[in-house]
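my_file.cif, holding mmCIF, C-alpha atoms:
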```cif
data_coords
loop_
_atom_site.label_atom_id
_atom_site.label_comp_id
_atom_site.auth_asym_id
_atom_site.auth_seq_id
_atom_site.Cartn_x
_atom_site.Cartn_y
_atom_site.Cartn_z
CA MET V 1127 0.00 0.00 0.00
CA ALA V 1128 1.45 3.32 -1.04
CA LEU V 1129 1.42 5.95 1.66
CA GLY V 1130 0.51 8.74 -0.74
CA LYS V 1131 -3.07 10.01 -0.75
CA ILE V 1132 -5.64 10.46 -3.46
CA LYS V 1133 -8.29 12.82 -2.22
CA ALA V 1134 -11.65 12.63 -3.93
CA ASP V 1135 -15.23 13.05 -2.84
CA THR V 1136 -16.69 11.28 -5.86
CA LEU V 1137 -15.78 8.37 -8.11
CA GLU V 1138 -17.33 8.53 -11.57
CA HIS V 1139 -17.66 5.64 -14.01
CA SER V 1140 -17.82 6.38 -17.74
CA THR V 1141 -21.31 4.89 -18.09
CA ALA V 1142 -22.52 3.45 -14.79
CA GLY V 1143 -22.76 6.71 -12.85
CA SER V 1144 -20.94 8.09 -9.86
CA LEU V 1145 -20.39 7.15 -6.24
CA ASP V 1146 -19.68 9.37 -3.28
CA THR V 1147 -16.47 8.12 -1.65
CA SER V 1148 -18.10 8.48 1.75
CA TYR V 1149 -20.01 5.31 0.84
CA VAL V 1150 -16.68 3.50 0.54
CA VAL V 1151 -15.22 4.94 3.73
CA ASN V 1152 -18.33 4.43 5.84
CA GLY V 1153 -19.45 1.18 4.26
CA SER V 1154 -16.22 -0.82 4.46
CA ALA V 1155 -15.85 -3.42 7.17
CA LYS V 1156 -13.56 -2.00 9.86
CA ALA V 1157 -12.62 -5.37 11.33
CA TRP V 1158 -13.02 -9.03 10.48
CA ALA V 1159 -11.80 -12.36 11.77
CA HIS V 1160 -11.77 -16.01 10.86
CA PHE V 1161 -10.95 -18.65 13.43
CA ASP V 1162 -11.25 -22.32 14.18
CA GLY V 1163 -13.36 -22.69 17.32
CA THR V 1164 -12.59 -26.34 17.93
CA ALA V 1165 -9.84 -27.80 20.12
CA THR V 1166 -7.38 -25.03 21.05
CA ALA V 1167 -8.92 -22.04 19.29
CA SER V 1168 -6.67 -20.03 16.97
CA LEU V 1169 -7.11 -17.08 14.68
CA ASP V 1170 -6.47 -17.89 11.03
CA ALA V 1171 -6.97 -14.51 9.40
CA GLY V 1172 -8.39 -11.09 10.04
CA LEU V 1173 -7.89 -7.34 10.18
CA ASN V 1174 -7.91 -4.91 13.10
CA ILE V 1175 -8.06 -7.69 15.70
CA SER V 1176 -5.49 -7.87 18.49
CA SER V 1177 -6.66 -11.05 20.17
CA LEU V 1178 -9.33 -13.70 20.44
CA THR V 1179 -10.44 -14.79 23.88
CA ASP V 1180 -11.92 -18.26 24.25
CA VAL V 1181 -14.45 -17.39 26.96
CA ALA V 1182 -16.29 -20.71 27.23
CA THR V 1183 -17.97 -23.26 25.00
CA GLY V 1184 -19.32 -21.37 21.99
CA ARG V 1185 -18.33 -17.91 23.28
CA PHE V 1186 -15.43 -15.92 21.80
CA GLN V 1187 -14.42 -12.34 22.44
CA HIS V 1188 -12.58 -10.36 19.77
CA SER V 1189 -10.56 -7.28 20.77
CA PHE V 1190 -9.90 -4.45 18.33
CA THR V 1191 -6.49 -2.94 17.66
CA ASN V 1192 -8.15 0.30 16.49
CA ASN V 1193 -11.18 0.87 18.73
CA MET V 1194 -14.53 1.65 17.24
CA SER V 1195 -15.95 5.11 17.86
CA ASP V 1196 -19.04 3.92 19.74
CA ALA V 1197 -20.61 0.70 20.96
CA PHE V 1198 -23.23 0.53 18.22
CA SER V 1199 -21.26 -1.35 15.59
CA ALA V 1200 -22.97 -3.77 13.22
CA VAL V 1201 -21.54 -7.25 13.67
CA GLY V 1202 -22.31 -10.17 11.39
CA GLY V 1203 -20.91 -13.67 11.20
CA THR V 1204 -21.08 -17.16 9.81
CA GLY V 1205 -20.35 -20.58 11.25
CA SER V 1206 -20.08 -24.15 10.10
CA THR V 1207 -23.16 -26.00 8.82
CA ASP V 1208 -25.99 -26.15 11.39
CA ARG V 1209 -24.35 -23.54 13.60
CA LEU V 1210 -25.91 -20.18 14.41
CA ILE V 1211 -23.79 -17.11 15.11
CA SER V 1212 -25.07 -14.32 17.30
CA LEU V 1213 -23.67 -11.23 18.99
CA ASP V 1214 -23.59 -10.98 22.77
CA THR V 1215 -25.02 -7.47 22.84
CA GLY V 1216 -24.43 -7.13 26.57
CA THR V 1217 -20.68 -7.14 26.09
CA LEU V 1218 -20.42 -4.99 22.94
CA ALA V 1219 -17.92 -2.22 23.58
CA THR V 1220 -15.71 0.11 21.56
CA SER V 1221 -12.77 -2.17 22.32
CA SER V 1222 -14.28 -5.62 21.74
CA TYR V 1223 -17.24 -7.79 20.79
CA THR V 1224 -18.24 -11.31 21.72
CA ILE V 1225 -19.89 -13.75 19.38
CA GLU V 1226 -21.70 -16.93 20.32
CA THR V 1227 -22.05 -20.13 18.35
CA THR V 1228 -25.11 -22.22 19.10
CA ASN V 1229 -27.11 -25.03 17.57
CA HIS V 1230 -30.79 -24.78 16.68
CA ASP V 1231 -31.77 -25.47 20.30
CA ALA V 1232 -29.81 -22.33 21.37
CA THR V 1233 -27.26 -24.52 23.15
CA PHE V 1234 -23.70 -23.21 23.06
CA ILE V 1235 -21.63 -25.46 20.87
CA THR V 1236 -18.24 -25.42 19.17
CA SER V 1237 -17.90 -24.57 15.51
CA GLN V 1238 -14.91 -25.21 13.32
CA TYR V 1239 -15.37 -22.38 10.84
CA VAL V 1240 -16.31 -19.07 12.44
CA THR V 1241 -16.12 -15.68 10.76
CA SER V 1242 -17.29 -12.24 11.77
CA ALA V 1243 -17.15 -8.74 10.33
CA VAL V 1244 -17.73 -5.38 11.97
CA HIS V 1245 -19.14 -2.27 10.32
CA GLY V 1246 -19.27 1.14 11.93
CA ASP V 1247 -17.09 4.15 12.63
CA LEU V 1248 -13.52 3.95 13.86
CA ALA V 1249 -12.29 5.95 16.84
CA MET C 20 13.53 -6.87 7.03
CA ILE C 21 11.21 -4.19 5.74
CA THR C 22 11.48 -0.76 7.33
CA THR C 23 8.40 0.67 8.98
CA PRO C 24 7.47 4.07 7.57
CA GLU C 25 7.23 7.03 9.95
CA PHE C 26 3.70 6.41 11.18
CA GLN C 27 3.17 8.95 13.94
CA GLY C 28 0.08 10.92 12.87
CA THR C 29 -1.07 8.24 10.42
CA HIS C 30 -4.46 6.71 11.25
CA LEU C 31 -3.88 3.43 13.09
CA TRP C 32 -6.24 1.58 10.76
CA ASP C 33 -4.14 2.66 7.77
CA ARG C 34 -1.07 1.33 9.55
CA LEU C 35 -2.81 -2.02 10.07
CA CYS C 36 -3.64 -2.15 6.35
CA TRP C 37 0.03 -1.45 5.56
CA ALA C 38 1.10 -4.20 7.96
CA LYS C 39 -1.31 -6.74 6.49
CA GLU C 40 0.11 -6.09 3.05
CA ASN C 41 3.77 -5.98 4.02
CA LEU C 42 4.30 -8.20 7.07
CA GLU C 43 4.03 -11.96 7.41
CA GLY C 44 1.61 -12.95 10.18
CA HIS C 45 3.24 -14.53 13.23
CA GLN C 46 1.30 -17.33 14.92
CA SER C 47 2.42 -17.18 18.52
CA ASP C 48 2.92 -20.41 20.41
CA TYR C 49 1.89 -18.64 23.62
CA ARG C 50 -1.53 -18.42 25.22
CA VAL C 51 -2.71 -16.52 28.29
CA VAL C 52 -5.03 -18.38 30.63
CA TYR C 53 -6.84 -16.17 33.13
CA GLU C 54 -9.74 -16.17 35.56
CA ASP C 55 -11.67 -12.98 36.23
CA SER C 56 -14.52 -14.55 38.18
CA VAL C 57 -14.63 -17.45 40.61
CA ASP C 58 -18.00 -18.40 39.13
CA GLU C 59 -16.73 -18.71 35.57
CA CYS C 60 -14.35 -21.03 33.81
CA ALA C 61 -10.86 -19.98 32.79
CA LYS C 62 -10.58 -17.81 29.69
CA ILE C 63 -7.86 -18.23 27.09
CA LEU C 64 -6.43 -15.26 25.23
CA VAL C 65 -5.03 -16.00 21.78
CA PRO C 66 -2.84 -13.36 20.07
CA ASP C 67 -3.82 -12.42 16.53
CA PRO C 68 -1.00 -13.24 14.06
CA ASN C 69 -1.27 -9.88 12.26
CA TRP C 70 -1.22 -8.00 15.55
CA MET C 71 1.80 -10.01 16.72
CA ALA C 72 3.62 -9.17 13.47
CA CYS C 73 2.97 -5.47 14.15
CA ALA C 74 4.29 -5.78 17.70
CA LEU C 75 7.46 -7.54 16.60
CA GLN C 76 8.01 -5.09 13.74
CA GLY C 77 7.71 -1.93 15.81
CA GLY C 78 6.66 1.58 14.85
CA ILE C 79 3.01 0.61 14.30
CA LEU C 80 1.14 0.12 17.58
CA PRO C 81 0.45 2.90 20.09
CA PRO C 82 1.58 2.61 23.71
CA VAL C 83 -0.80 0.47 25.79
CA GLU C 84 -1.56 3.49 28.00
CA VAL C 85 -3.55 4.94 25.07
CA TYR C 86 -6.03 2.08 25.36
CA TRP C 87 -6.33 2.68 29.10
CA GLU C 88 -7.23 6.31 28.43
CA LEU C 89 -9.93 5.29 25.96
CA ALA C 90 -11.23 2.71 28.43
CA LYS C 91 -11.48 5.43 31.09
CA ASP C 92 -13.52 7.56 28.70
CA GLU C 93 -15.84 4.67 27.87
CA ALA C 94 -16.39 3.94 31.55
CA GLN C 95 -17.92 7.37 32.09
CA PRO C 96 -21.70 7.13 32.64
CA ASP C 97 -22.46 9.74 29.99
CA PHE C 98 -20.19 8.15 27.35
CA LYS C 99 -21.65 8.09 23.86
CA LYS C 100 -18.67 8.02 21.50
CA HIS C 101 -14.93 8.51 21.64
CA THR C 102 -13.68 12.06 21.29
CA ARG C 103 -10.03 11.23 21.94
CA GLY C 104 -9.48 8.65 19.20
CA TYR C 105 -6.62 10.83 18.01
CA LEU C 106 -4.57 9.32 20.84
CA LEU C 107 -4.41 6.10 18.81
CA HIS C 108 -3.12 7.90 15.74
CA ASP C 109 -1.04 10.80 17.03
CA THR C 110 0.83 9.22 19.95
CA LYS C 111 4.35 8.10 19.07
CA PRO C 112 4.21 4.36 18.21
CA ILE C 113 6.15 1.89 20.34
CA GLY C 114 9.32 0.28 19.05
CA PRO C 115 9.80 -3.42 18.27
CA LEU C 116 8.96 -5.88 21.06
CA ASP C 117 10.17 -9.41 21.60
CA GLU C 118 7.43 -12.02 21.81
CA LYS C 119 7.40 -12.12 25.61
CA SER C 120 7.03 -8.34 25.87
CA ALA C 121 4.33 -8.40 23.20
CA ILE C 122 2.33 -10.93 25.22
CA GLU C 123 2.70 -8.74 28.33
CA TYR C 124 1.49 -5.72 26.33
CA LEU C 125 -1.48 -7.74 25.08
CA ILE C 126 -2.38 -8.83 28.60
CA MET C 127 -2.43 -5.20 29.72
CA LYS C 128 -4.52 -4.27 26.69
CA ASP C 129 -7.08 -7.08 26.41
CA CYS C 130 -7.34 -8.67 29.89
CA PRO C 131 -9.28 -6.95 32.67
CA GLN C 132 -7.02 -4.83 34.89
CA SER C 133 -8.37 -6.67 37.93
CA VAL C 134 -6.68 -9.80 36.61
CA TRP C 135 -3.20 -8.52 35.81
CA ARG C 136 -2.71 -5.76 38.39
CA ASP C 137 -2.33 -8.27 41.25
CA TYR C 138 -2.18 -11.54 39.35
CA ASP C 139 0.05 -13.31 41.87
CA SER C 140 -1.19 -11.86 45.17
CA GLY C 141 -4.12 -14.20 45.84
CA ASN C 142 -4.36 -17.75 47.08
CA LYS C 143 -4.06 -19.09 43.56
CA PRO C 144 -2.82 -17.65 40.26
CA LYS C 145 -5.34 -15.63 38.27
CA LEU C 146 -3.21 -15.53 35.16
CA VAL C 147 -0.74 -17.88 33.50
CA ILE C 148 1.22 -17.54 30.27
CA CYS C 149 1.69 -20.96 28.74
CA ARG C 150 2.41 -22.68 25.48
CA LYS C 151 -0.43 -23.83 23.28
CA ASP C 152 0.52 -27.47 23.79
CA GLN C 153 0.06 -27.09 27.56
CA LEU C 154 -3.68 -26.60 27.05
CA PRO C 155 -6.04 -29.56 26.81
CA ALA C 156 -6.10 -30.90 23.26
CA THR C 157 -9.88 -31.30 23.21
CA ARG C 158 -12.65 -29.05 24.51
CA GLU C 159 -14.13 -31.71 26.75
CA TRP C 160 -15.57 -30.11 29.92
CA ARG C 161 -14.53 -26.70 28.55
CA ASN C 162 -16.90 -24.84 30.88
CA ALA C 163 -15.19 -26.39 33.90
CA TRP C 164 -11.62 -25.47 33.01
CA LYS C 165 -9.71 -23.74 35.80
CA ILE C 166 -6.07 -22.77 36.13
CA SER C 167 -4.10 -25.65 37.53
CA GLU C 168 -3.00 -24.69 41.05
CA GLU C 169 0.16 -26.75 40.84
CA LEU C 170 1.32 -25.50 37.51
CA SER C 171 4.73 -26.26 36.14
CA LEU C 172 6.07 -26.03 32.64
CA THR C 173 5.60 -29.74 32.10
CA GLU C 174 1.97 -29.83 33.21
CA LYS C 175 -1.26 -28.85 31.57
CA ALA C 176 -2.12 -25.19 32.17
CA ALA C 177 -5.88 -25.70 32.50
#
```
Please lay out the structure from this file as structure tokens.
Amino acid sequence: MALGKIKADTLEHSTAGSLDTSYVVNGSAKAWAHFDGTATASLDAGLNISSLTDVATGRFQHSFTNNMSDAFSAVGGTGSTDRLISLDTGTLATSSYTIETTNHDATFITSQYVTSAVHGDLA
Amino acid sequence: MITTPEFQGTHLWDRLCWAKENLEGHQSDYRVVYEDSVDECAKILVPDPNWMACALQGGILPPVEVYWELAKDEAQPDFKKHTRGYLLHDTKPIGPLDEKSAIEYLIMKDCPQSVWRDYDSGNKPKLVICRKDQLPATREWRNAWKISEELSLTEKAA
């Protein structure tokens, strides 16, 4: 990544129209993570994550390197087949978020493939 | 080894994007096992490989005290959003750390202060740094894991 800057408020395509660059800045995911939640959990890939905390069965906290501006981020995620991913809204903070993996009976359960992405404003 | 650009004043998120493109992730062999409640099982902190690469490289991450300042702001009852995010971007970045120091930094950043401030003053350890292979290989009885009170380097940590 070059460290130079291109400053522009609008991107314009020759035929398809134009796009305000604020859509790009505000709409990009500000953090994401992929980890294996089985056995000894480990992070495989991500951005803007400093650590993963294995809290308990099916509960994993992600800490940000660059905090979010407020605690109203949009968090989404996916898990392995037959696993549901949800956000523990009670623990959402500007420094971290916790996701939970459950089965269809809402029982906490491990999941091998767990991803999450965070949208919102950076601090 | 690639040289870190002069990053003071550059948005931290831009630095992380630079690091992801230019640094090889470092999967640490270390884990931090801690207990912050007697009623809950032990928690295990796993360093992110991209973050660890930034810590080892130096010149990217802010001092850990910056995170404490932001945490203080967030703890205020009338907190709505951060107004001092510039601390992350404008404070002089820390230099390169070895892996042990990076883990200690991460503990002070991502573990509750109540755990690490007096981690060895109670009847049993609240926090242990161990190798990944010292943890149980399966997640059987995961919600009952506690720090082993007679821990040694050859024993399981939890």
With chain V as the partner and 6 Å as the cut-off, tabulate the residues of chain C that qualify, each row holding the nearest pair of atoms and their distance in Å to one decimal, using only C-alpha atoms, sorted by chain and rising number, as CSV.
```
residue,atom,partner,partner_atom,distance
C:Trp37,CA,V:Met1127,CA,5.7
C:Lys62,CA,V:Val1181,CA,4.8
C:Ile63,CA,V:Asp1180,CA,5.0
C:Leu64,CA,V:Thr1179,CA,4.3
C:Val65,CA,V:Leu1178,CA,5.1
C:Pro66,CA,V:Ser1177,CA,4.5
C:Asp67,CA,V:Ser1177,CA,4.8
C:Trp70,CA,V:Ser1176,CA,5.2
C:Lys100,CA,V:Asp1196,CA,4.5
C:His101,CA,V:Ser1195,CA,5.2
C:Gly104,CA,V:Ala1249,CA,4.6
C:Ala156,CA,V:Ala1165,CA,5.8
C:Thr157,CA,V:Ala1165,CA,4.7
C:Arg158,CA,V:Ala1165,CA,5.4
C:Asn162,CA,V:Ala1182,CA,5.5
```
Exercise. Counting all atoms listed in the file, what is within 9 Å of Ala1200 (chain V), bar same-chain residues fewer than 6 positions away, as number ranges by chain?
Worked result: V: 1243-1246
Expected residue set, 8 Å radius at (-10.6, -13.5, 35.0), all atoms listed in the file, as a PDB file with C-alpha atoms, in the frame of the given file:
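Contents of the output file point05.pdb:
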```pdb
ATOM      1  CA  TYR C  53      -6.840 -16.170  33.130  1.00  0.00           C
ATOM      2  CA  GLU C  54      -9.740 -16.170  35.560  1.00  0.00           C
ATOM      3  CA  ASP C  55     -11.670 -12.980  36.230  1.00  0.00           C
ATOM      4  CA  SER C  56     -14.520 -14.550  38.180  1.00  0.00           C
ATOM      5  CA  VAL C  57     -14.630 -17.450  40.610  1.00  0.00           C
ATOM      6  CA  ALA C  61     -10.860 -19.980  32.790  1.00  0.00           C
ATOM      7  CA  LYS C  62     -10.580 -17.810  29.690  1.00  0.00           C
ATOM      8  CA  CYS C 130      -7.340  -8.670  29.890  1.00  0.00           C
ATOM      9  CA  PRO C 131      -9.280  -6.950  32.670  1.00  0.00           C
ATOM     10  CA  SER C 133      -8.370  -6.670  37.930  1.00  0.00           C
ATOM     11  CA  VAL C 134      -6.680  -9.800  36.610  1.00  0.00           C
ATOM     12  CA  LYS C 145      -5.340 -15.630  38.270  1.00  0.00           C
ATOM     13  CA  LEU C 146      -3.210 -15.530  35.160  1.00  0.00           C
TER      14      LEU C 146
END
```
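What the PyMOL selection byres ((chain V and resi 1215) around 10) grabs from this file is Ala1197, Phe1198, Val1201, Ser1212, Leu1213, Asp1214, Gly1216, Thr1217, Leu1218, Ala1219, Tyr1223, Thr1224 and Ile1225 of chain V.
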Problem set entry | Result set, the PyMOL selection byres ((chain C and resi 106-109) around 12) on current file, as an MDAnalysis selection string | (chainID V and resid 1190:1195 1248:1249) or (chainID C and resid 25:35 78:89 101:105 110:113)
Please produce a file of the residues just selected, as an mmCIF file, keeping the file's coordinate frame, where the atoms kept are C-alpha atoms.
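Saved as selection-v7.cif:
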```
data_model
loop_
_atom_site.group_PDB
_atom_site.id
_atom_site.type_symbol
_atom_site.label_atom_id
_atom_site.label_comp_id
_atom_site.auth_asym_id
_atom_site.auth_seq_id
_atom_site.Cartn_x
_atom_site.Cartn_y
_atom_site.Cartn_z
ATOM 1 C CA PHE V 1190 -9.900 -4.450 18.330
ATOM 2 C CA THR V 1191 -6.490 -2.940 17.660
ATOM 3 C CA ASN V 1192 -8.150 0.300 16.490
ATOM 4 C CA ASN V 1193 -11.180 0.870 18.730
ATOM 5 C CA MET V 1194 -14.530 1.650 17.240
ATOM 6 C CA SER V 1195 -15.950 5.110 17.860
ATOM 7 C CA LEU V 1248 -13.520 3.950 13.860
ATOM 8 C CA ALA V 1249 -12.290 5.950 16.840
ATOM 9 C CA GLU C 25 7.230 7.030 9.950
ATOM 10 C CA PHE C 26 3.700 6.410 11.180
ATOM 11 C CA GLN C 27 3.170 8.950 13.940
ATOM 12 C CA GLY C 28 0.080 10.920 12.870
ATOM 13 C CA THR C 29 -1.070 8.240 10.420
ATOM 14 C CA HIS C 30 -4.460 6.710 11.250
ATOM 15 C CA LEU C 31 -3.880 3.430 13.090
ATOM 16 C CA TRP C 32 -6.240 1.580 10.760
ATOM 17 C CA ASP C 33 -4.140 2.660 7.770
ATOM 18 C CA ARG C 34 -1.070 1.330 9.550
ATOM 19 C CA LEU C 35 -2.810 -2.020 10.070
ATOM 20 C CA GLY C 78 6.660 1.580 14.850
ATOM 21 C CA ILE C 79 3.010 0.610 14.300
ATOM 22 C CA LEU C 80 1.140 0.120 17.580
ATOM 23 C CA PRO C 81 0.450 2.900 20.090
ATOM 24 C CA PRO C 82 1.580 2.610 23.710
ATOM 25 C CA VAL C 83 -0.800 0.470 25.790
ATOM 26 C CA GLU C 84 -1.560 3.490 28.000
ATOM 27 C CA VAL C 85 -3.550 4.940 25.070
ATOM 28 C CA TYR C 86 -6.030 2.080 25.360
ATOM 29 C CA TRP C 87 -6.330 2.680 29.100
ATOM 30 C CA GLU C 88 -7.230 6.310 28.430
ATOM 31 C CA LEU C 89 -9.930 5.290 25.960
ATOM 32 C CA HIS C 101 -14.930 8.510 21.640
ATOM 33 C CA THR C 102 -13.680 12.060 21.290
ATOM 34 C CA ARG C 103 -10.030 11.230 21.940
ATOM 35 C CA GLY C 104 -9.480 8.650 19.200
ATOM 36 C CA TYR C 105 -6.620 10.830 18.010
ATOM 37 C CA THR C 110 0.830 9.220 19.950
ATOM 38 C CA LYS C 111 4.350 8.100 19.070
ATOM 39 C CA PRO C 112 4.210 4.360 18.210
ATOM 40 C CA ILE C 113 6.150 1.890 20.340
#
```
Problem set entry | Distance of CA of Asp1135 (chain V) from CA of Thr1147 (chain V), expressed in Å to one decimal place |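 Pair CA of Thr1147 (chain V) / CA of Asp1135 (chain V) returns 5.2 Å.
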Using the chain letters and numbers from the file, which residues does the PyMOL selection byres ((chain C and resi 116) around 6) grab, as a PDB file with C-alpha atoms, keeping the file's coordinate frame?
```pdb
ATOM      1  CA  ALA C  74       4.290  -5.780  17.700  1.00  0.00           C
ATOM      2  CA  LEU C  75       7.460  -7.540  16.600  1.00  0.00           C
ATOM      3  CA  PRO C 115       9.800  -3.420  18.270  1.00  0.00           C
ATOM      4  CA  ASP C 117      10.170  -9.410  21.600  1.00  0.00           C
ATOM      5  CA  SER C 120       7.030  -8.340  25.870  1.00  0.00           C
ATOM      6  CA  ALA C 121       4.330  -8.400  23.200  1.00  0.00           C
TER       7      ALA C 121
END
```
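Between CA of Lys119 (chain C) and CA of Val147 (chain C) lies a distance of 12.7 Å.
Picture a line from CA of Ser47 (chain C) to CA of Leu125 (chain C); it runs 12.1 Å.
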Exercise. Which residue gives the smallest distance to Cys149 (chain C) among C:Thr22, C:Tyr49, C:Asp97, C:Asp137, with only C-alpha atoms counted?
Worked result: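 Among the listed residues, C:Tyr49 lies closest to Cys149 (chain C).
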Can you rebuild region 1211-1227 of chain V with N, CA and C atoms and give it as a PDB file, keeping the file's coordinate frame?
```
ATOM      1  N   ILE V1211     -24.709 -18.089  14.522  1.00  0.00           N
ATOM      2  CA  ILE V1211     -23.790 -17.110  15.110  1.00  0.00           C
ATOM      3  C   ILE V1211     -24.600 -15.918  15.593  1.00  0.00           C
ATOM      4  N   SER V1212     -24.393 -15.504  16.803  1.00  0.00           N
ATOM      5  CA  SER V1212     -25.070 -14.320  17.300  1.00  0.00           C
ATOM      6  C   SER V1212     -24.099 -13.451  18.076  1.00  0.00           C
ATOM      7  N   LEU V1213     -24.498 -12.195  18.264  1.00  0.00           N
ATOM      8  CA  LEU V1213     -23.670 -11.230  18.990  1.00  0.00           C
ATOM      9  C   LEU V1213     -24.159 -11.161  20.428  1.00  0.00           C
ATOM     10  N   ASP V1214     -23.241 -11.210  21.376  1.00  0.00           N
ATOM     11  CA  ASP V1214     -23.590 -10.980  22.770  1.00  0.00           C
ATOM     12  C   ASP V1214     -23.672  -9.470  22.957  1.00  0.00           C
ATOM     13  N   THR V1215     -24.877  -8.924  22.836  1.00  0.00           N
ATOM     14  CA  THR V1215     -25.020  -7.470  22.840  1.00  0.00           C
ATOM     15  C   THR V1215     -24.665  -6.870  24.193  1.00  0.00           C
ATOM     16  N   GLY V1216     -24.749  -7.646  25.234  1.00  0.00           N
ATOM     17  CA  GLY V1216     -24.430  -7.130  26.570  1.00  0.00           C
ATOM     18  C   GLY V1216     -22.970  -6.805  26.759  1.00  0.00           C
ATOM     19  N   THR V1217     -22.121  -7.378  25.920  1.00  0.00           N
ATOM     20  CA  THR V1217     -20.680  -7.140  26.090  1.00  0.00           C
ATOM     21  C   THR V1217     -20.105  -6.279  24.969  1.00  0.00           C
ATOM     22  N   LEU V1218     -20.939  -5.801  24.046  1.00  0.00           N
ATOM     23  CA  LEU V1218     -20.420  -4.990  22.940  1.00  0.00           C
ATOM     24  C   LEU V1218     -19.834  -3.688  23.479  1.00  0.00           C
ATOM     25  N   ALA V1219     -18.602  -3.419  23.113  1.00  0.00           N
ATOM     26  CA  ALA V1219     -17.920  -2.220  23.580  1.00  0.00           C
ATOM     27  C   ALA V1219     -17.140  -1.626  22.412  1.00  0.00           C
ATOM     28  N   THR V1220     -16.510  -0.487  22.639  1.00  0.00           N
ATOM     29  CA  THR V1220     -15.710   0.110  21.560  1.00  0.00           C
ATOM     30  C   THR V1220     -14.400  -0.653  21.389  1.00  0.00           C
ATOM     31  N   SER V1221     -14.046  -1.455  22.374  1.00  0.00           N
ATOM     32  CA  SER V1221     -12.770  -2.170  22.320  1.00  0.00           C
ATOM     33  C   SER V1221     -12.922  -3.647  21.949  1.00  0.00           C
ATOM     34  N   SER V1222     -14.125  -4.185  21.992  1.00  0.00           N
ATOM     35  CA  SER V1222     -14.280  -5.620  21.740  1.00  0.00           C
ATOM     36  C   SER V1222     -15.732  -5.993  21.468  1.00  0.00           C
ATOM     37  N   TYR V1223     -15.908  -7.200  20.950  1.00  0.00           N
ATOM     38  CA  TYR V1223     -17.240  -7.790  20.790  1.00  0.00           C
ATOM     39  C   TYR V1223     -17.131  -9.283  21.013  1.00  0.00           C
ATOM     40  N   THR V1224     -18.220  -9.870  21.450  1.00  0.00           N
ATOM     41  CA  THR V1224     -18.240 -11.310  21.720  1.00  0.00           C
ATOM     42  C   THR V1224     -19.303 -11.966  20.867  1.00  0.00           C
ATOM     43  N   ILE V1225     -18.914 -13.007  20.160  1.00  0.00           N
ATOM     44  CA  ILE V1225     -19.890 -13.750  19.380  1.00  0.00           C
ATOM     45  C   ILE V1225     -20.112 -15.121  20.005  1.00  0.00           C
ATOM     46  N   GLU V1226     -21.304 -15.647  19.737  1.00  0.00           N
ATOM     47  CA  GLU V1226     -21.700 -16.930  20.320  1.00  0.00           C
ATOM     48  C   GLU V1226     -22.088 -17.885  19.203  1.00  0.00           C
ATOM     49  N   THR V1227     -21.644 -19.117  19.328  1.00  0.00           N
ATOM     50  CA  THR V1227     -22.050 -20.130  18.350  1.00  0.00           C
ATOM     51  C   THR V1227     -22.959 -21.128  19.056  1.00  0.00           C
TER      52      THR V1227
END
```
